[in-house]
file start_14.txt (compact mmCIF, C-alpha atoms and all ligand atoms)
# COMPACT_ATOMS: atom_id res chain seq x y z
CA MET H 32 -68.55 2.47 -38.34
CA LYS H 33 -65.10 3.57 -37.13
CA LYS H 34 -65.16 5.14 -33.69
CA LEU H 35 -64.26 8.83 -33.56
CA ILE H 36 -61.83 10.15 -30.96
CA VAL H 37 -61.75 13.96 -30.70
CA ALA H 38 -58.88 15.55 -28.78
CA ASN H 39 -59.76 18.94 -27.31
CA TRP H 40 -56.43 20.39 -26.26
CA LYS H 41 -58.08 23.53 -24.84
CA LEU H 42 -55.26 25.69 -23.43
CA TYR H 43 -53.67 22.72 -21.71
CA VAL H 44 -51.30 22.77 -24.68
CA ASN H 45 -49.75 26.24 -24.73
CA ARG H 46 -46.19 25.71 -25.97
CA SER H 47 -45.07 24.83 -29.48
CA ASP H 48 -42.57 22.17 -28.29
CA GLN H 49 -45.34 20.55 -26.22
CA ALA H 50 -47.62 20.50 -29.29
CA LEU H 51 -44.94 18.93 -31.47
CA LYS H 52 -44.19 16.16 -28.98
CA LEU H 53 -47.88 15.38 -28.54
CA LEU H 54 -48.55 15.42 -32.29
CA LYS H 55 -45.69 13.06 -33.05
CA SER H 56 -46.76 10.57 -30.42
CA THR H 57 -50.38 10.77 -31.63
CA VAL H 58 -49.31 10.08 -35.22
CA ARG H 59 -47.34 7.05 -34.01
CA ALA H 60 -50.35 5.82 -32.01
CA SER H 61 -52.69 6.34 -34.98
CA LYS H 62 -50.67 3.77 -36.92
CA MET H 63 -51.53 1.11 -34.33
CA GLY H 64 -55.22 1.85 -34.58
CA SER H 65 -56.23 1.98 -38.24
CA GLY H 66 -59.88 1.44 -37.32
CA VAL H 67 -60.04 4.69 -35.38
CA LYS H 68 -60.75 8.18 -36.70
CA ILE H 69 -58.87 10.87 -34.77
CA VAL H 70 -59.46 14.62 -34.77
CA ILE H 71 -57.11 17.06 -33.06
CA CYS H 72 -58.60 20.37 -31.94
CA ALA H 73 -55.60 22.52 -31.10
CA PRO H 74 -55.50 26.27 -30.39
CA PHE H 75 -55.96 28.24 -33.66
CA LEU H 76 -52.31 29.28 -34.02
CA MET H 77 -51.19 25.66 -33.96
CA VAL H 78 -53.39 24.59 -36.91
CA PRO H 79 -50.60 24.84 -39.55
CA THR H 80 -48.29 22.77 -37.31
CA VAL H 81 -51.01 20.16 -36.79
CA ASN H 82 -51.56 19.98 -40.57
CA ALA H 83 -47.85 19.59 -41.24
CA ILE H 84 -47.32 16.77 -38.74
CA ILE H 85 -50.49 14.76 -39.42
CA LYS H 86 -49.94 14.80 -43.20
CA ARG H 87 -50.31 11.28 -44.65
CA SER H 88 -51.80 9.99 -41.38
CA SER H 89 -55.45 9.20 -40.72
CA ILE H 90 -55.76 12.15 -38.33
CA SER H 91 -57.85 15.23 -39.14
CA THR H 92 -57.59 18.82 -37.97
CA GLY H 93 -60.27 20.48 -35.88
CA ALA H 94 -60.77 23.84 -34.18
CA GLN H 95 -62.12 24.58 -30.70
CA ASN H 96 -64.32 27.49 -31.72
CA LEU H 97 -65.18 29.86 -34.57
CA SER H 98 -66.91 33.18 -35.12
CA GLU H 99 -70.57 33.32 -36.06
CA GLY H 100 -69.62 36.30 -38.23
CA THR H 101 -68.32 35.83 -41.73
CA GLN H 102 -66.46 39.08 -42.34
CA GLY H 103 -66.17 42.56 -40.86
CA ALA H 104 -65.29 44.44 -37.70
CA PHE H 105 -64.99 41.49 -35.30
CA THR H 106 -61.63 41.99 -33.58
CA GLY H 107 -59.99 38.76 -32.50
CA GLU H 108 -62.48 36.45 -34.23
CA VAL H 109 -61.76 33.60 -36.70
CA SER H 110 -64.30 32.85 -39.43
CA ALA H 111 -65.44 29.50 -40.79
CA HIS H 112 -64.03 30.42 -44.19
CA LEU H 113 -60.61 31.10 -42.71
CA LEU H 114 -60.64 27.76 -40.88
CA LYS H 115 -61.55 25.96 -44.11
CA ASP H 116 -58.81 27.82 -45.97
CA TYR H 117 -56.27 26.68 -43.40
CA GLY H 118 -57.23 23.01 -43.70
CA VAL H 119 -59.53 22.63 -40.71
CA GLU H 120 -62.20 19.95 -41.19
CA TYR H 121 -64.04 19.79 -37.84
CA VAL H 122 -65.04 22.47 -35.34
CA ILE H 123 -66.27 22.20 -31.75
CA ILE H 124 -69.30 24.44 -31.15
CA GLY H 125 -71.11 25.17 -27.89
CA HIS H 126 -68.52 23.65 -25.58
CA SER H 127 -69.59 24.26 -21.97
CA GLU H 128 -66.50 26.42 -21.39
CA ARG H 129 -67.65 28.67 -24.24
CA ARG H 130 -71.22 28.67 -22.95
CA TYR H 131 -70.48 29.35 -19.27
CA ILE H 132 -67.13 31.19 -19.19
CA PHE H 133 -67.63 33.22 -22.38
CA ASP H 134 -71.43 33.53 -22.07
CA GLU H 135 -72.27 31.95 -25.41
CA THR H 136 -76.04 31.67 -25.66
CA ASP H 137 -78.01 28.98 -27.51
CA GLU H 138 -78.77 31.61 -30.18
CA VAL H 139 -75.06 32.22 -30.75
CA VAL H 140 -74.49 28.46 -30.88
CA VAL H 141 -77.10 28.19 -33.66
CA GLN H 142 -75.43 31.05 -35.59
CA LYS H 143 -72.06 29.31 -35.26
CA LEU H 144 -73.54 26.01 -36.48
CA ILE H 145 -74.94 27.83 -39.52
CA ALA H 146 -71.62 29.57 -40.23
CA ALA H 147 -69.69 26.29 -39.98
CA SER H 148 -72.19 24.23 -41.97
CA LYS H 149 -72.36 26.74 -44.83
CA GLU H 150 -68.59 26.44 -45.25
CA GLY H 151 -68.74 22.64 -45.21
CA LEU H 152 -66.97 22.30 -41.85
CA LYS H 153 -68.11 19.37 -39.69
CA PRO H 154 -69.56 20.82 -36.48
CA ILE H 155 -69.23 18.92 -33.20
CA LEU H 156 -72.09 20.33 -31.13
CA CYS H 157 -71.59 20.00 -27.37
CA VAL H 158 -74.56 19.68 -25.04
CA GLY H 159 -74.88 18.67 -21.41
CA GLU H 160 -76.59 19.48 -18.13
CA GLN H 161 -74.67 21.53 -15.58
CA LYS H 162 -75.80 19.49 -12.60
CA ARG H 163 -77.47 16.15 -12.24
CA VAL H 164 -80.24 17.36 -10.00
CA GLY H 165 -84.03 17.63 -10.34
CA ASN H 166 -85.36 17.11 -13.84
CA TRP H 167 -81.91 17.26 -15.44
CA LYS H 168 -82.96 15.32 -18.52
CA LYS H 169 -85.57 17.96 -19.32
CA THR H 170 -82.94 20.70 -18.90
CA LEU H 171 -80.59 18.79 -21.19
CA LEU H 172 -83.20 18.15 -23.87
CA ASN H 173 -84.34 21.79 -23.80
CA GLN H 174 -80.75 22.80 -24.41
CA VAL H 175 -80.50 20.39 -27.33
CA SER H 176 -83.69 21.82 -28.91
CA ALA H 177 -82.53 25.41 -28.38
CA SER H 178 -79.08 24.67 -29.83
CA ILE H 179 -80.56 23.51 -33.15
CA LYS H 180 -83.56 25.87 -33.25
CA GLY H 181 -84.11 27.10 -36.79
CA LEU H 182 -81.14 25.12 -38.10
CA ASP H 183 -81.84 23.69 -41.55
CA LYS H 184 -82.62 19.95 -41.51
CA LYS H 185 -79.83 19.24 -43.97
CA TYR H 186 -77.36 20.78 -41.51
CA ILE H 187 -78.80 18.95 -38.48
CA ALA H 188 -78.37 15.63 -40.29
CA LYS H 189 -74.64 16.29 -40.65
CA LEU H 190 -73.94 17.26 -37.04
CA ILE H 191 -71.80 15.28 -34.65
CA ILE H 192 -73.20 15.63 -31.13
CA ALA H 193 -71.05 15.37 -28.02
CA TYR H 194 -72.97 14.66 -24.86
CA GLU H 195 -70.84 16.22 -22.15
CA PRO H 196 -72.37 16.51 -18.68
CA VAL H 197 -70.70 19.69 -17.43
CA TRP H 198 -70.13 18.30 -13.94
CA ALA H 199 -68.06 15.49 -15.49
CA ILE H 200 -65.73 17.74 -17.51
CA GLY H 201 -62.25 18.03 -16.06
CA THR H 202 -63.34 16.69 -12.68
CA GLY H 203 -62.15 13.09 -12.87
CA ASN H 204 -65.75 12.18 -12.14
CA ALA H 205 -67.00 10.60 -15.39
CA ASP H 206 -70.64 9.71 -15.96
CA THR H 207 -71.63 6.05 -15.76
CA PRO H 208 -71.70 4.45 -19.21
CA GLN H 209 -75.32 3.45 -18.61
CA ASP H 210 -76.50 6.99 -17.80
CA ALA H 211 -74.50 8.46 -20.69
CA LYS H 212 -76.07 5.96 -23.05
CA GLU H 213 -79.57 6.72 -21.79
CA ALA H 214 -79.02 10.48 -22.16
CA ILE H 215 -77.75 9.94 -25.70
CA ILE H 216 -80.83 7.90 -26.60
CA GLU H 217 -83.03 10.78 -25.35
CA ILE H 218 -81.00 13.35 -27.32
CA ARG H 219 -81.45 11.27 -30.45
CA LYS H 220 -85.22 11.37 -29.94
CA VAL H 221 -85.11 15.19 -29.96
CA LEU H 222 -83.16 15.07 -33.22
CA ALA H 223 -85.63 12.55 -34.65
CA ARG H 224 -88.48 14.98 -34.04
CA ARG H 225 -86.70 17.51 -36.26
CA ILE H 226 -85.28 15.33 -39.03
CA GLY H 227 -87.00 11.93 -38.74
CA SER H 228 -85.82 8.81 -36.98
CA LYS H 229 -83.90 7.38 -39.95
CA ALA H 230 -81.71 10.47 -40.37
CA ALA H 231 -81.36 10.85 -36.59
CA ALA H 232 -80.16 7.24 -36.29
CA ASN H 233 -77.21 8.13 -38.52
CA ILE H 234 -76.00 11.03 -36.38
CA ARG H 235 -72.78 10.24 -34.58
CA MET H 236 -73.03 10.76 -30.83
CA LEU H 237 -69.95 11.11 -28.65
CA TYR H 238 -69.51 11.02 -24.90
CA GLY H 239 -67.22 13.54 -23.18
CA GLY H 240 -66.32 14.14 -19.54
CA SER H 241 -63.21 12.78 -17.77
CA VAL H 242 -62.57 10.03 -20.32
CA THR H 243 -59.21 8.31 -19.81
CA SER H 244 -57.49 5.16 -21.04
CA LYS H 245 -58.99 3.40 -18.02
CA ASN H 246 -62.66 4.09 -18.81
CA ILE H 247 -62.77 4.67 -22.59
CA ALA H 248 -63.78 1.09 -23.41
CA ASN H 249 -66.76 1.23 -21.04
CA PHE H 250 -68.22 4.13 -23.01
CA ILE H 251 -67.50 3.37 -26.61
CA SER H 252 -68.23 -0.36 -26.52
CA SER H 253 -71.89 0.66 -26.77
CA ALA H 254 -73.25 0.90 -30.33
CA GLU H 255 -75.12 4.08 -29.30
CA ILE H 256 -71.84 5.89 -28.55
CA GLY H 257 -69.80 6.59 -31.67
CA GLY H 258 -66.71 7.88 -29.92
CA ALA H 259 -65.42 10.31 -27.33
CA LEU H 260 -64.47 13.95 -26.91
CA ILE H 261 -61.43 14.07 -24.68
CA GLY H 262 -59.83 17.04 -22.95
CA ARG H 263 -57.17 16.50 -20.33
CA ALA H 264 -56.27 12.90 -21.23
CA SER H 265 -55.76 13.84 -24.89
CA THR H 266 -52.83 16.03 -23.84
CA ASN H 267 -50.98 13.22 -22.10
CA PRO H 268 -49.01 11.41 -24.84
CA LYS H 269 -49.00 8.03 -23.10
CA ASP H 270 -52.62 8.09 -22.01
CA PHE H 271 -53.85 9.29 -25.40
CA ALA H 272 -51.87 6.60 -27.23
CA LEU H 273 -53.46 4.01 -24.95
CA ILE H 274 -56.92 5.46 -25.62
CA ILE H 275 -56.33 5.07 -29.36
CA LYS H 276 -55.04 1.53 -28.91
CA LYS H 277 -58.00 0.48 -26.76
CA THR H 278 -60.43 2.03 -29.24
CA ALA H 279 -58.78 0.18 -32.11
CA LEU H 280 -59.05 -3.13 -30.25
CA LEU H 281 -62.77 -2.62 -29.74
CA LYS H 282 -63.93 -2.34 -33.32
C1 LIG Q 1 -63.79 18.46 -22.84
O1 LIG Q 1 -62.90 19.27 -22.97
O2 LIG Q 1 -64.80 18.54 -23.53
C2 LIG Q 1 -63.64 17.39 -21.85
C3 LIG Q 1 -64.48 16.42 -21.87
O3 LIG Q 1 -62.60 17.51 -20.97
P1 LIG Q 1 -62.07 16.35 -19.98
O4 LIG Q 1 -61.84 15.13 -20.83
O5 LIG Q 1 -60.81 16.91 -19.43
O6 LIG Q 1 -63.12 16.12 -18.97
call {"tool": "encode", "arguments": {"input": "start_14.txt", "output": "structure tokens"}}
result
Amino acid sequence: MKKLIVANWKLYVNRSDQALKLLKSTVRASKMGSGVKIVICAPFLMVPTVNAIIKRSSISTGAQNLSEGTQGAFTGEVSAHLLKDYGVEYVIIGHSERRYIFDETDEVVVQKLIAASKEGLKPILCVGEQKRVGNWKKTLLNQVSASIKGLDKKYIAKLIIAYEPVWAIGTGNADTPQDAKEAIIEIRKVLARRIGSKAAANIRMLYGGSVTSKNIANFISSAEIGGALIGRASTNPKDFALIIKKTALLK
């Protein structure tokens, strides 16, 4: 299976000329790595620009968030239907910055997963412990269960899960590949309890948290880890091109 590299630009990219430069260099890099699937999650307003530049490349468009509401008096929100209409294929849901800065609860995460899944968007569900202290695996697995509580089995089977220990995001302090792999194996067991081990085995699991061109290979060389969700390094044209190249060499 091709490895999946998801770029989460966050608000690191906040100028149109910066977005254009980064998109063009990512398209060039994608041509070196035909065995890699790339998704770019830019700020909403940049989606049409992303679509225009990635046309005829192997890159797909993602969003960083969506509304759990479908229509109505929700000022400032963007619905799943609107994302679909504008050519978005993937959407990040439950990112730790949404959970802890914008107070998104597990219940809201579930509603967002339902909204995205009903529209046929591909949700990238983020989970991860805030600190690696005490019984952190239990905390993590409880979060996983709560984030898919009541979600239809057919939707769970189509999720992409990003394991992102919160303490590793944006800190330069990545997890060890061994610990990330072990956490991912445990997460898969939670999924297996809901949808069966065969379906759970097919769910793509990503690692995220201070991934760079220097450490990418250590994470995704494992068969358990189907790719990476990358913030800061995805906004550095040179580093991101190198990440794509190293991923392509691994397959
Ligand atoms: C992220 O945005 O999910 C992330 C992992 O960020 P960074 O790569 O900067 O740690």
call {"tool": "residues_near_point", "arguments": {"input": "start_14.txt", "point": "(-47.9, 14.2, -41.7)", "cutoff": "12 Å", "atoms": "only C-alpha atoms", "output": "mmCIF file with C-alpha atoms, in the frame of the given file"}}
result
data_model
loop_
_atom_site.group_PDB
_atom_site.id
_atom_site.type_symbol
_atom_site.label_atom_id
_atom_site.label_comp_id
_atom_site.auth_asym_id
_atom_site.auth_seq_id
_atom_site.Cartn_x
_atom_site.Cartn_y
_atom_site.Cartn_z
ATOM 1 C CA LEU H 51 -44.940 18.930 -31.470
ATOM 2 C CA LEU H 54 -48.550 15.420 -32.290
ATOM 3 C CA LYS H 55 -45.690 13.060 -33.050
ATOM 4 C CA SER H 56 -46.760 10.570 -30.420
ATOM 5 C CA THR H 57 -50.380 10.770 -31.630
ATOM 6 C CA VAL H 58 -49.310 10.080 -35.220
ATOM 7 C CA ARG H 59 -47.340 7.050 -34.010
ATOM 8 C CA SER H 61 -52.690 6.340 -34.980
ATOM 9 C CA LYS H 62 -50.670 3.770 -36.920
ATOM 10 C CA PRO H 79 -50.600 24.840 -39.550
ATOM 11 C CA THR H 80 -48.290 22.770 -37.310
ATOM 12 C CA VAL H 81 -51.010 20.160 -36.790
ATOM 13 C CA ASN H 82 -51.560 19.980 -40.570
ATOM 14 C CA ALA H 83 -47.850 19.590 -41.240
ATOM 15 C CA ILE H 84 -47.320 16.770 -38.740
ATOM 16 C CA ILE H 85 -50.490 14.760 -39.420
ATOM 17 C CA LYS H 86 -49.940 14.800 -43.200
ATOM 18 C CA ARG H 87 -50.310 11.280 -44.650
ATOM 19 C CA SER H 88 -51.800 9.990 -41.380
ATOM 20 C CA SER H 89 -55.450 9.200 -40.720
ATOM 21 C CA ILE H 90 -55.760 12.150 -38.330
ATOM 22 C CA SER H 91 -57.850 15.230 -39.140
ATOM 23 C CA THR H 92 -57.590 18.820 -37.970
#
call {"tool": "axis_aligned_box", "arguments": {"input": "start_14.txt", "around": "range 109-128 of chain H", "padding_each_side": "8 Å", "output": "AutoDock Vina command-line options"}}
result
--center_x -63.7 --center_y 26.7 --center_z -33.7 --size_x 30.8 --size_y 29.8 --size_z 40.6
call {"tool": "closest_residue", "arguments": {"input": "start_14.txt", "among": "H:Cys157, H:Ser65, H:Met77, H:Lys143", "to": "Glu108 in chain H", "atoms": "only C-alpha atoms"}}
result
H:Lys143
call {"tool": "closest_residue", "arguments": {"input": "start_14.txt", "among": "H:Gly240, H:Gly118, H:Gly100, H:Gly93", "to": "ligand LIG 1 (chain Q)", "atoms": "all atoms listed in the file"}}
result
H:Gly240
call {"tool": "atom_distance", "arguments": {"input": "start_14.txt", "atom1": "CA of Leu97 in chain H", "atom2": "CA of Phe271 in chain H"}}
result
25.2 Å
call {"tool": "closest_residue", "arguments": {"input": "start_14.txt", "among": "H:Ala264, H:Ile216, H:Ile234, H:Leu281", "to": "ligand LIG 1 (chain Q)", "atoms": "all atoms listed in the file"}}
result
H:Ala264
call {"tool": "residues_near_ligand", "arguments": {"input": "start_14.txt", "ligand": "ligand LIG 1 (chain Q)", "cutoff": "9 Å", "atoms": "all atoms listed in the file", "output": "MDAnalysis selection string"}}
result
chainID H and resid 38:41 126:128 157 193 195:205 238:243 259:265
call {"tool": "write_last_selection", "arguments": {"input": "start_14.txt", "atoms": "C-alpha atoms", "output": "mmCIF file, keeping the file's coordinate frame"}}
result
data_model
loop_
_atom_site.group_PDB
_atom_site.id
_atom_site.type_symbol
_atom_site.label_atom_id
_atom_site.label_comp_id
_atom_site.auth_asym_id
_atom_site.auth_seq_id
_atom_site.Cartn_x
_atom_site.Cartn_y
_atom_site.Cartn_z
ATOM 1 C CA ALA H 38 -58.880 15.550 -28.780
ATOM 2 C CA ASN H 39 -59.760 18.940 -27.310
ATOM 3 C CA TRP H 40 -56.430 20.390 -26.260
ATOM 4 C CA LYS H 41 -58.080 23.530 -24.840
ATOM 5 C CA HIS H 126 -68.520 23.650 -25.580
ATOM 6 C CA SER H 127 -69.590 24.260 -21.970
ATOM 7 C CA GLU H 128 -66.500 26.420 -21.390
ATOM 8 C CA CYS H 157 -71.590 20.000 -27.370
ATOM 9 C CA ALA H 193 -71.050 15.370 -28.020
ATOM 10 C CA GLU H 195 -70.840 16.220 -22.150
ATOM 11 C CA PRO H 196 -72.370 16.510 -18.680
ATOM 12 C CA VAL H 197 -70.700 19.690 -17.430
ATOM 13 C CA TRP H 198 -70.130 18.300 -13.940
ATOM 14 C CA ALA H 199 -68.060 15.490 -15.490
ATOM 15 C CA ILE H 200 -65.730 17.740 -17.510
ATOM 16 C CA GLY H 201 -62.250 18.030 -16.060
ATOM 17 C CA THR H 202 -63.340 16.690 -12.680
ATOM 18 C CA GLY H 203 -62.150 13.090 -12.870
ATOM 19 C CA ASN H 204 -65.750 12.180 -12.140
ATOM 20 C CA ALA H 205 -67.000 10.600 -15.390
ATOM 21 C CA TYR H 238 -69.510 11.020 -24.900
ATOM 22 C CA GLY H 239 -67.220 13.540 -23.180
ATOM 23 C CA GLY H 240 -66.320 14.140 -19.540
ATOM 24 C CA SER H 241 -63.210 12.780 -17.770
ATOM 25 C CA VAL H 242 -62.570 10.030 -20.320
ATOM 26 C CA THR H 243 -59.210 8.310 -19.810
ATOM 27 C CA ALA H 259 -65.420 10.310 -27.330
ATOM 28 C CA LEU H 260 -64.470 13.950 -26.910
ATOM 29 C CA ILE H 261 -61.430 14.070 -24.680
ATOM 30 C CA GLY H 262 -59.830 17.040 -22.950
ATOM 31 C CA ARG H 263 -57.170 16.500 -20.330
ATOM 32 C CA ALA H 264 -56.270 12.900 -21.230
ATOM 33 C CA SER H 265 -55.760 13.840 -24.890
#
call {"tool": "residues_near_point", "arguments": {"input": "start_14.txt", "point": "(-71.9, 25.1, -33.7)", "cutoff": "7 Å", "atoms": "all atoms listed in the file", "output": "JSON, numbers by chain"}}
result
{"H": [123, 124, 125, 140, 141, 143, 144, 147, 154, 155, 156]}
call {"tool": "atom_distance", "arguments": {"input": "start_14.txt", "atom1": "CA of Ser252 in chain H", "atom2": "CA of Val70 in chain H"}}
result
19.2 Å
call {"tool": "build_atoms", "arguments": {"input": "start_14.txt", "residues": "range 257-281 of chain H", "atoms": "N, CA and C atoms", "output": "JSON list (two decimals), in the frame of the given file"}}
result
[["chain", "number", "residue", "atom", "x", "y", "z"],
["H", 257, "GLY", "N", -70.68, 6.71, -30.50],
["H", 257, "GLY", "CA", -69.80, 6.59, -31.67],
["H", 257, "GLY", "C", -68.38, 7.08, -31.44],
["H", 258, "GLY", "N", -68.07, 7.42, -30.19],
["H", 258, "GLY", "CA", -66.71, 7.88, -29.92],
["H", 258, "GLY", "C", -66.68, 8.76, -28.70],
["H", 259, "ALA", "N", -65.58, 9.49, -28.53],
["H", 259, "ALA", "CA", -65.42, 10.31, -27.33],
["H", 259, "ALA", "C", -64.76, 11.64, -27.64],
["H", 260, "LEU", "N", -65.13, 12.63, -26.87],
["H", 260, "LEU", "CA", -64.47, 13.95, -26.91],
["H", 260, "LEU", "C", -63.63, 14.04, -25.63],
["H", 261, "ILE", "N", -62.35, 14.22, -25.81],
["H", 261, "ILE", "CA", -61.43, 14.07, -24.68],
["H", 261, "ILE", "C", -60.58, 15.31, -24.47],
["H", 262, "GLY", "N", -60.62, 15.86, -23.28],
["H", 262, "GLY", "CA", -59.83, 17.04, -22.95],
["H", 262, "GLY", "C", -58.49, 16.64, -22.36],
["H", 263, "ARG", "N", -58.43, 16.71, -21.04],
["H", 263, "ARG", "CA", -57.17, 16.50, -20.33],
["H", 263, "ARG", "C", -56.37, 15.27, -20.81],
["H", 264, "ALA", "N", -57.02, 14.13, -20.90],
["H", 264, "ALA", "CA", -56.27, 12.90, -21.23],
["H", 264, "ALA", "C", -55.71, 12.92, -22.65],
["H", 265, "SER", "N", -56.28, 13.78, -23.52],
["H", 265, "SER", "CA", -55.76, 13.84, -24.89],
["H", 265, "SER", "C", -54.44, 14.60, -24.95],
["H", 266, "THR", "N", -54.08, 15.26, -23.85],
["H", 266, "THR", "CA", -52.83, 16.03, -23.84],
["H", 266, "THR", "C", -51.70, 15.29, -23.12],
["H", 267, "ASN", "N", -52.01, 14.07, -22.71],
["H", 267, "ASN", "CA", -50.98, 13.22, -22.10],
["H", 267, "ASN", "C", -50.59, 12.17, -23.14],
["H", 268, "PRO", "N", -49.36, 12.29, -23.72],
["H", 268, "PRO", "CA", -49.01, 11.41, -24.84],
["H", 268, "PRO", "C", -49.25, 9.92, -24.57],
["H", 269, "LYS", "N", -48.87, 9.47, -23.40],
["H", 269, "LYS", "CA", -49.00, 8.03, -23.10],
["H", 269, "LYS", "C", -50.47, 7.63, -22.97],
["H", 270, "ASP", "N", -51.22, 8.42, -22.24],
["H", 270, "ASP", "CA", -52.62, 8.09, -22.01],
["H", 270, "ASP", "C", -53.40, 8.15, -23.33],
["H", 271, "PHE", "N", -53.09, 9.16, -24.15],
["H", 271, "PHE", "CA", -53.85, 9.29, -25.40],
["H", 271, "PHE", "C", -53.52, 8.13, -26.36],
["H", 272, "ALA", "N", -52.25, 7.74, -26.38],
["H", 272, "ALA", "CA", -51.87, 6.60, -27.23],
["H", 272, "ALA", "C", -52.62, 5.34, -26.78],
["H", 273, "LEU", "N", -52.75, 5.17, -25.49],
["H", 273, "LEU", "CA", -53.46, 4.01, -24.95],
["H", 273, "LEU", "C", -54.96, 4.07, -25.29],
["H", 274, "ILE", "N", -55.50, 5.27, -25.26],
["H", 274, "ILE", "CA", -56.92, 5.46, -25.62],
["H", 274, "ILE", "C", -57.13, 5.02, -27.07],
["H", 275, "ILE", "N", -56.22, 5.43, -27.94],
["H", 275, "ILE", "CA", -56.33, 5.07, -29.36],
["H", 275, "ILE", "C", -56.21, 3.55, -29.53],
["H", 276, "LYS", "N", -55.27, 2.97, -28.82],
["H", 276, "LYS", "CA", -55.04, 1.53, -28.91],
["H", 276, "LYS", "C", -56.29, 0.77, -28.43],
["H", 277, "LYS", "N", -56.83, 1.18, -27.31],
["H", 277, "LYS", "CA", -58.00, 0.48, -26.76],
["H", 277, "LYS", "C", -59.21, 0.64, -27.69],
["H", 278, "THR", "N", -59.32, 1.80, -28.31],
["H", 278, "THR", "CA", -60.43, 2.03, -29.24],
["H", 278, "THR", "C", -60.26, 1.13, -30.46],
["H", 279, "ALA", "N", -59.04, 1.01, -30.94],
["H", 279, "ALA", "CA", -58.78, 0.18, -32.11],
["H", 279, "ALA", "C", -59.10, -1.28, -31.82],
["H", 280, "LEU", "N", -58.81, -1.72, -30.61],
["H", 280, "LEU", "CA", -59.05, -3.13, -30.25],
["H", 280, "LEU", "C", -60.54, -3.44, -30.18],
["H", 281, "LEU", "N", -61.33, -2.40, -29.94],
["H", 281, "LEU", "CA", -62.77, -2.62, -29.74],
["H", 281, "LEU", "C", -63.55, -2.90, -31.01]]
